[in-house]
$ cat upload.csv   # CSV, C-alpha atoms
chain,number,residue,atom,x,y,z
A,1,MET,CA,16.1,-97.4,105.2
A,2,ARG,CA,16.0,-96.5,101.5
A,3,ILE,CA,17.9,-99.7,100.6
A,4,PHE,CA,15.5,-101.8,102.6
A,5,PHE,CA,12.4,-100.4,100.8
A,6,ASN,CA,14.2,-100.7,97.4
A,7,ASN,CA,14.7,-104.4,98.2
A,8,ILE,CA,11.1,-104.8,99.1
A,9,ILE,CA,9.9,-103.2,95.9
A,10,PHE,CA,12.4,-105.4,93.9
A,11,PHE,CA,11.0,-108.5,95.5
A,12,VAL,CA,7.4,-107.6,95.0
A,13,ASN,CA,8.0,-106.8,91.3
A,14,ILE,CA,9.5,-110.3,90.9
A,15,LEU,CA,6.6,-112.0,92.6
A,16,LYS,CA,3.9,-110.3,90.6
A,17,ASP,CA,4.8,-112.3,87.5
A,18,ARG,CA,4.0,-115.6,89.1
A,19,GLN,CA,2.5,-118.4,87.0
A,20,ILE,CA,0.6,-121.5,87.8
A,21,ILE,CA,2.2,-124.8,86.6
A,22,ILE,CA,1.4,-128.5,86.8
A,23,THR,CA,4.0,-130.7,88.4
A,24,SER,CA,4.7,-134.4,87.6
A,25,ASP,CA,2.2,-135.9,90.1
A,26,GLY,CA,-0.6,-133.8,88.7
A,27,SER,CA,-0.6,-131.2,91.5
A,28,LYS,CA,-0.1,-127.5,90.7
A,29,SER,CA,2.5,-125.1,91.9
A,30,ILE,CA,3.6,-121.5,91.3
A,31,TYR,CA,6.5,-120.6,89.0
A,32,ILE,CA,8.5,-117.4,89.2
A,33,PRO,CA,10.0,-116.8,85.7
A,34,LYS,CA,12.6,-114.1,86.7
A,35,TRP,CA,14.1,-116.5,89.2
A,36,GLU,CA,13.4,-119.7,87.2
A,37,GLU,CA,12.2,-121.0,90.6
A,38,THR,CA,9.1,-122.9,91.7
A,39,TYR,CA,7.3,-123.0,95.0
A,40,HIS,CA,7.5,-126.8,95.0
A,41,SER,CA,9.4,-129.5,93.1
A,42,ARG,CA,8.5,-129.9,89.4
A,43,HIS,CA,8.7,-133.6,90.1
A,44,GLY,CA,5.6,-133.4,92.2
A,45,ALA,CA,4.4,-130.7,94.6
A,46,ILE,CA,2.3,-132.9,96.9
A,47,THR,CA,4.8,-135.8,96.6
A,48,GLU,CA,7.7,-133.6,97.8
A,49,ALA,CA,5.7,-132.0,100.6
A,50,TYR,CA,4.6,-135.4,102.0
A,51,HIS,CA,8.1,-136.9,101.8
A,52,VAL,CA,10.1,-134.0,103.3
A,53,PHE,CA,7.7,-132.6,105.9
A,54,ILE,CA,5.3,-135.4,106.8
A,55,GLU,CA,7.4,-138.6,106.5
A,56,MET,CA,10.7,-137.1,107.6
A,57,GLY,CA,9.3,-134.5,109.9
A,58,LEU,CA,5.8,-134.9,111.4
A,59,LYS,CA,6.0,-138.7,111.7
A,60,LYS,CA,9.3,-138.5,113.6
A,61,CYS,CA,7.7,-136.5,116.4
A,62,ILE,CA,6.4,-138.6,119.4
A,63,GLN,CA,4.7,-135.7,121.3
A,64,LYS,CA,0.9,-135.8,121.5
A,65,GLU,CA,0.8,-132.0,121.9
A,66,LEU,CA,3.0,-130.6,119.1
A,67,LYS,CA,4.0,-127.1,118.2
A,68,ILE,CA,5.1,-126.7,114.5
A,69,ALA,CA,6.6,-123.7,112.8
A,70,GLU,CA,6.6,-123.4,109.0
A,71,ILE,CA,9.2,-121.1,107.6
A,72,GLY,CA,7.5,-120.0,104.3
A,73,LEU,CA,3.7,-120.6,104.2
A,74,GLY,CA,3.7,-120.2,100.5
A,75,THR,CA,0.7,-122.0,98.9
A,76,GLY,CA,-0.4,-123.4,102.2
A,77,LEU,CA,0.2,-127.0,101.0
A,78,ASN,CA,2.4,-128.0,104.0
A,79,CYS,CA,-0.2,-126.7,106.5
A,80,LEU,CA,-3.0,-128.4,104.6
A,81,ILE,CA,-1.4,-131.9,104.5
A,82,THR,CA,-0.3,-131.6,108.1
A,83,PHE,CA,-4.0,-130.9,109.0
A,84,LEU,CA,-5.1,-133.9,106.9
A,85,GLU,CA,-2.5,-136.3,108.3
A,86,ASN,CA,-3.5,-135.3,111.8
A,87,LYS,CA,-6.9,-136.8,111.2
A,88,GLN,CA,-5.1,-140.1,111.6
A,89,LEU,CA,-2.4,-139.1,114.1
A,90,ASN,CA,-4.9,-137.3,116.4
A,91,LYS,CA,-2.3,-135.0,117.9
A,92,LYS,CA,-3.0,-131.6,119.4
A,93,ILE,CA,-1.2,-129.3,116.9
A,94,SER,CA,-0.4,-125.6,117.2
A,95,TYR,CA,0.8,-124.5,113.8
A,96,THR,CA,2.6,-121.2,113.3
A,97,ALA,CA,3.4,-120.1,109.7
A,98,TYR,CA,5.7,-117.3,108.8
A,99,GLU,CA,5.3,-115.5,105.4
A,100,ALA,CA,6.5,-112.1,104.4
A,101,PHE,CA,5.0,-112.1,100.9
A,102,PRO,CA,1.7,-114.2,100.8
A,103,ILE,CA,0.2,-115.4,97.6
A,104,THR,CA,-3.2,-114.0,96.7
A,105,GLU,CA,-6.6,-115.8,97.2
A,106,VAL,CA,-7.0,-115.8,93.4
A,107,GLU,CA,-3.7,-117.8,93.1
A,108,ALA,CA,-4.7,-120.1,95.9
A,109,ASN,CA,-8.1,-120.8,94.2
A,110,LYS,CA,-6.3,-121.9,91.1
A,111,LEU,CA,-4.4,-124.7,92.9
A,112,ASN,CA,-5.8,-128.2,92.7
A,113,TYR,CA,-4.7,-129.8,96.0
A,114,MET,CA,-8.1,-130.8,97.2
A,115,GLU,CA,-8.8,-132.6,94.0
A,116,VAL,CA,-5.5,-134.4,93.8
A,117,LEU,CA,-5.6,-135.3,97.5
A,118,GLN,CA,-9.3,-136.4,97.1
A,119,ALA,CA,-10.1,-134.2,100.1
A,120,GLU,CA,-12.8,-132.0,98.7
A,121,LYS,CA,-14.8,-132.1,101.9
A,122,TYR,CA,-12.0,-130.1,103.5
A,123,GLN,CA,-12.1,-127.3,100.9
A,124,SER,CA,-13.3,-124.8,103.5
A,125,ILE,CA,-10.2,-125.6,105.6
A,126,TYR,CA,-7.8,-124.7,102.8
A,127,GLU,CA,-9.8,-121.5,102.2
A,128,ARG,CA,-9.5,-120.6,105.9
A,129,ILE,CA,-5.7,-121.2,105.8
A,130,HIS,CA,-5.5,-118.3,103.3
A,131,GLN,CA,-8.4,-116.2,104.4
A,132,SER,CA,-7.7,-116.1,108.2
A,133,ASP,CA,-6.3,-112.9,109.6
A,134,TRP,CA,-2.6,-112.4,110.1
A,135,GLY,CA,-1.5,-112.4,113.7
A,136,LYS,CA,-4.7,-113.9,115.1
A,137,PRO,CA,-4.9,-117.6,116.1
A,138,VAL,CA,-7.7,-119.5,114.4
A,139,SER,CA,-9.0,-123.0,115.2
A,140,LEU,CA,-9.3,-125.2,112.1
A,141,ASP,CA,-10.7,-128.0,114.2
A,142,GLU,CA,-10.6,-129.3,117.8
A,143,ASN,CA,-7.0,-130.6,117.4
A,144,PHE,CA,-5.5,-128.0,115.1
A,145,SER,CA,-4.9,-124.3,115.5
A,146,LEU,CA,-3.2,-121.9,113.1
A,147,LEU,CA,-1.4,-118.7,113.7
A,148,LYS,CA,0.0,-116.8,110.6
A,149,LYS,CA,2.7,-114.3,111.1
A,150,LYS,CA,3.5,-111.8,108.3
A,151,GLU,CA,7.2,-111.5,109.1
A,152,LYS,CA,10.5,-111.7,107.3
A,153,PHE,CA,12.5,-114.7,108.4
A,154,GLN,CA,15.3,-112.4,109.7
A,155,ASP,CA,12.8,-111.0,112.2
A,156,ILE,CA,11.9,-114.3,113.9
A,157,ASN,CA,13.0,-114.2,117.5
A,158,ASP,CA,11.0,-117.1,119.1
A,159,GLN,CA,12.8,-118.9,121.9
A,160,SER,CA,12.3,-122.6,122.8
A,161,CYS,CA,8.8,-122.6,121.3
A,162,PHE,CA,8.6,-125.4,118.7
A,163,HIS,CA,9.1,-129.2,118.5
A,164,LEU,CA,9.3,-129.2,114.7
A,165,ILE,CA,10.3,-126.7,112.0
A,166,TYR,CA,9.4,-127.1,108.4
A,167,PHE,CA,12.0,-124.9,106.6
A,168,ASP,CA,10.6,-124.3,103.1
A,169,ALA,CA,12.2,-121.1,101.9
A,170,PHE,CA,13.1,-120.5,98.3
A,171,ALA,CA,16.2,-122.3,97.2
A,172,PRO,CA,19.7,-121.0,98.3
A,173,ARG,CA,20.4,-120.3,94.7
A,174,VAL,CA,17.9,-117.5,94.5
A,175,GLN,CA,17.7,-116.3,98.1
A,176,PRO,CA,20.9,-117.2,99.9
A,177,GLU,CA,20.2,-114.7,102.6
A,178,LEU,CA,17.5,-117.0,104.0
A,179,TRP,CA,19.9,-119.9,104.5
A,180,THR,CA,22.7,-118.1,106.4
A,181,LEU,CA,24.3,-119.0,109.8
A,182,GLU,CA,22.3,-116.2,111.4
A,183,ILE,CA,19.0,-117.7,110.2
A,184,MET,CA,20.0,-121.2,111.3
A,185,GLN,CA,20.9,-119.9,114.7
A,186,LYS,CA,17.4,-118.4,114.9
A,187,MET,CA,16.0,-121.8,114.0
A,188,TYR,CA,18.1,-123.4,116.7
A,189,LYS,CA,16.9,-121.0,119.4
A,190,ALA,CA,13.3,-121.4,118.3
A,191,LEU,CA,13.3,-125.1,118.9
A,192,VAL,CA,12.9,-126.9,122.2
A,193,PRO,CA,15.7,-129.4,123.2
A,194,ASN,CA,15.6,-132.4,120.8
A,195,GLY,CA,13.5,-130.4,118.4
A,196,ILE,CA,13.5,-131.3,114.8
A,197,PHE,CA,14.3,-129.2,111.7
A,198,VAL,CA,13.6,-130.6,108.2
A,199,THR,CA,14.2,-129.0,104.7
A,200,TYR,CA,14.3,-130.2,101.1
A,201,SER,CA,17.7,-128.7,100.6
A,202,ALA,CA,20.9,-130.7,101.0
A,203,LYS,CA,23.3,-128.0,99.9
A,204,GLY,CA,26.7,-128.2,101.6
A,205,SER,CA,26.7,-124.6,102.9
A,206,VAL,CA,23.3,-125.2,104.5
A,207,ARG,CA,24.5,-128.3,106.2
A,208,ARG,CA,27.6,-126.5,107.5
A,209,ASN,CA,25.5,-123.6,108.8
A,210,LEU,CA,23.2,-125.9,110.6
A,211,GLN,CA,26.1,-127.7,112.2
A,212,GLU,CA,27.8,-124.4,113.3
A,213,ALA,CA,24.5,-123.3,114.8
A,214,GLY,CA,24.6,-126.3,117.0
A,215,PHE,CA,22.4,-128.9,115.2
A,216,GLU,CA,23.2,-132.6,114.8
A,217,VAL,CA,22.6,-133.0,111.0
A,218,LYS,CA,21.8,-136.0,108.9
A,219,LYS,CA,21.3,-136.4,105.2
A,220,LEU,CA,18.2,-138.4,104.3
A,221,PRO,CA,17.0,-139.7,101.0
A,222,GLY,CA,15.3,-136.9,99.2
A,223,PRO,CA,11.9,-136.8,97.3
A,224,PRO,CA,11.7,-137.6,93.6
A,225,GLY,CA,14.2,-135.5,91.7
A,226,LYS,CA,16.5,-134.9,94.7
A,227,ARG,CA,19.0,-137.5,95.9
A,228,GLU,CA,19.1,-136.1,99.5
A,229,MET,CA,17.5,-133.7,102.0
A,230,LEU,CA,18.5,-132.5,105.4
A,231,PHE,CA,17.2,-133.6,108.8
A,232,ALA,CA,18.6,-131.8,111.9
A,233,ARG,CA,18.0,-132.1,115.7
A,234,LYS,CA,18.7,-129.6,118.4
A,235,LYS,CA,21.2,-131.0,120.8
$ encode --input "upload.csv" --output "structure tokens"
Amino acid sequence: MRIFFNNIIFFVNILKDRQIIITSDGSKSIYIPKWEETYHSRHGAITEAYHVFIEMGLKKCIQKELKIAEIGLGTGLNCLITFLENKQLNKKISYTAYEAFPITEVEANKLNYMEVLQAEKYQSIYERIHQSDWGKPVSLDENFSLLKKKEKFQDINDQSCFHLIYFDAFAPRVQPELWTLEIMQKMYKALVPNGIFVTYSAKGSVRRNLQEAGFEVKKLPGPPGKREMLFARKK
């Protein structure tokens, strides 16, 4: 138990030094100096999110009623653009976001996503993504509900719940424990048959863990700055 709490304190101390940065497409992200790690690609936070999670994930789903899990809510960008994209797709989306160490509202308010996306009229939606209570579903509009769960990824035990998983954990280089076979098995179990898993990473060990967990895995073209990303489907 002491080791567990020491690890939590270590992680919190790392995250408290977070800095706001501007990425190549003009959108902002968060940088963790001690890890030399960013929440999004330096080549464009919004560009990466749209490519990996919308184009290669959301738009591959044919269901009109769609259950999505995001592994790593982070800045809320993926949730926001899914909400915005659904204004055209008009699906019925239930969105569950897992995050053990949320950013602060102060940090969220410093990010410029609404301006870059030219979606200022939905500012209140972005605020609700961060201000809504943990563990309580909230309706963002008639077609989009959000449930935030303040859980470590290792504690996820959902069974056959989701059609689509956005896996947006910190990179394997800094948090390899989030990309293990055990975690990928949890992701496999959480998906319905033919469910889709997408992530920005194309690391060989991640691909092999997905395959061993039971997924059919493909490499797809990555966003700017990355040659490839991974797309997986539950058999």
$ atom_distance --input "upload.csv" --atom1 "CA of Tyr95 in chain A" --atom2 "CA of Tyr126 in chain A"
14.0 Å
$ residues_around --input "upload.csv" --residues "Phe162 in chain A" --least-positions-apart "6" --cutoff "9 Å" --atoms "all atoms listed in the file" --output "list in words"
Leu66, Lys67, Ile68, Ala69, Ala190, Leu191, Val192, Gly195 and Ile196 of chain A
$ closest_atom_pairs --input "upload.csv" --of "range 91-138 of chain A" --to "range 26-40 of chain A" --cutoff "10 Å" --atoms "all atoms listed in the file" --output "tab-separated table"
residue	atom	partner	partner_atom	distance
A:Ile103	CA	A:Ile30	CA	9.4
A:Glu107	CA	A:Ile30	CA	8.4
A:Ala108	CA	A:Ile30	CA	9.6
A:Lys110	CA	A:Lys28	CA	8.4
A:Leu111	CA	A:Lys28	CA	5.6
A:Asn112	CA	A:Lys28	CA	6.1
A:Tyr113	CA	A:Ser27	CA	6.2
A:Met114	CA	A:Ser27	CA	9.4
A:Glu115	CA	A:Ser27	CA	8.7
A:Val116	CA	A:Ser27	CA	6.3
A:Leu117	CA	A:Ser27	CA	8.8
$ atom_distance --input "upload.csv" --atom1 "CA of Thr23 in chain A" --atom2 "CA of Gly204 in chain A"
26.4 Å
$ atom_distance --input "upload.csv" --atom1 "CA of Trp179 in chain A" --atom2 "CA of Glu85 in chain A"
28.0 Å
$ residues_around --input "upload.csv" --residues "Tyr98 in chain A" --least-positions-apart "3" --cutoff "8 Å" --atoms "only C-alpha atoms" --output "PyMOL selection string"
chain A and resi 69-73+148-153
$ residues_around --input "upload.csv" --residues "Ala213 in chain A" --least-positions-apart "6" --cutoff "8 Å" --atoms "all atoms listed in the file" --output "PyMOL selection string"
chain A and resi 181+184-185+188
$ residues_around --input "upload.csv" --residues "Arg227 in chain A" --least-positions-apart "6" --cutoff "9 Å" --atoms "all atoms listed in the file" --output "number ranges by chain"
A: 202, 220-221
$ closest_residue --input "upload.csv" --among "A:Val52, A:Ile183, A:Leu140, A:Cys161" --to "Phe231 in chain A" --atoms "all atoms listed in the file"
A:Val52
$ closest_residue --input "upload.csv" --among "A:Ser145, A:Arg42, A:Leu80, A:Tyr166" --to "Leu58 in chain A" --atoms "all atoms listed in the file"
A:Tyr166
$ residues_around --input "upload.csv" --residues "Ala232 in chain A" --least-positions-apart "4" --cutoff "9 Å" --atoms "only C-alpha atoms" --output "PDB file with C-alpha atoms, in the coordinates of the input"
ATOM      1  CA  GLY A 195      13.500-130.400 118.400  1.00  0.00           C
ATOM      2  CA  ILE A 196      13.500-131.300 114.800  1.00  0.00           C
ATOM      3  CA  PHE A 197      14.300-129.200 111.700  1.00  0.00           C
ATOM      4  CA  VAL A 198      13.600-130.600 108.200  1.00  0.00           C
ATOM      5  CA  THR A 199      14.200-129.000 104.700  1.00  0.00           C
ATOM      6  CA  ARG A 207      24.500-128.300 106.200  1.00  0.00           C
ATOM      7  CA  LEU A 210      23.200-125.900 110.600  1.00  0.00           C
ATOM      8  CA  GLN A 211      26.100-127.700 112.200  1.00  0.00           C
ATOM      9  CA  PHE A 215      22.400-128.900 115.200  1.00  0.00           C
ATOM     10  CA  GLU A 216      23.200-132.600 114.800  1.00  0.00           C
ATOM     11  CA  VAL A 217      22.600-133.000 111.000  1.00  0.00           C
ATOM     12  CA  LYS A 218      21.800-136.000 108.900  1.00  0.00           C
ATOM     13  CA  LYS A 219      21.300-136.400 105.200  1.00  0.00           C
TER      14      LYS A 219
END
$ closest_residue --input "upload.csv" --among "A:Asn194, A:Thr96, A:Asn209, A:Asn157" --to "Pro176 in chain A" --atoms "all atoms listed in the file"
A:Asn209
$ closest_residue --input "upload.csv" --among "A:Ile20, A:Ile62, A:Met229, A:Ile129" --to "Pro102 in chain A" --atoms "only C-alpha atoms"
A:Ile129
$ closest_residue --input "upload.csv" --among "A:Leu164, A:Ile54, A:Ile125, A:Ala45" --to "Val138 in chain A" --atoms "only C-alpha atoms"
A:Ile125
$ closest_residue --input "upload.csv" --among "A:Ser41, A:Lys234, A:Gly225, A:Asp155" --to "Lys189 in chain A" --atoms "all atoms listed in the file"
A:Lys234
$ axis_aligned_box --input "upload.csv" --around "range 109-123 of chain A" --padding-each-side "8 Å" --output "lines of an AutoDock Vina configuration file"
center_x = -9.6
center_y = -128.6
center_z = 97.3
size_x = 26.4
size_y = 31.6
size_z = 28.4
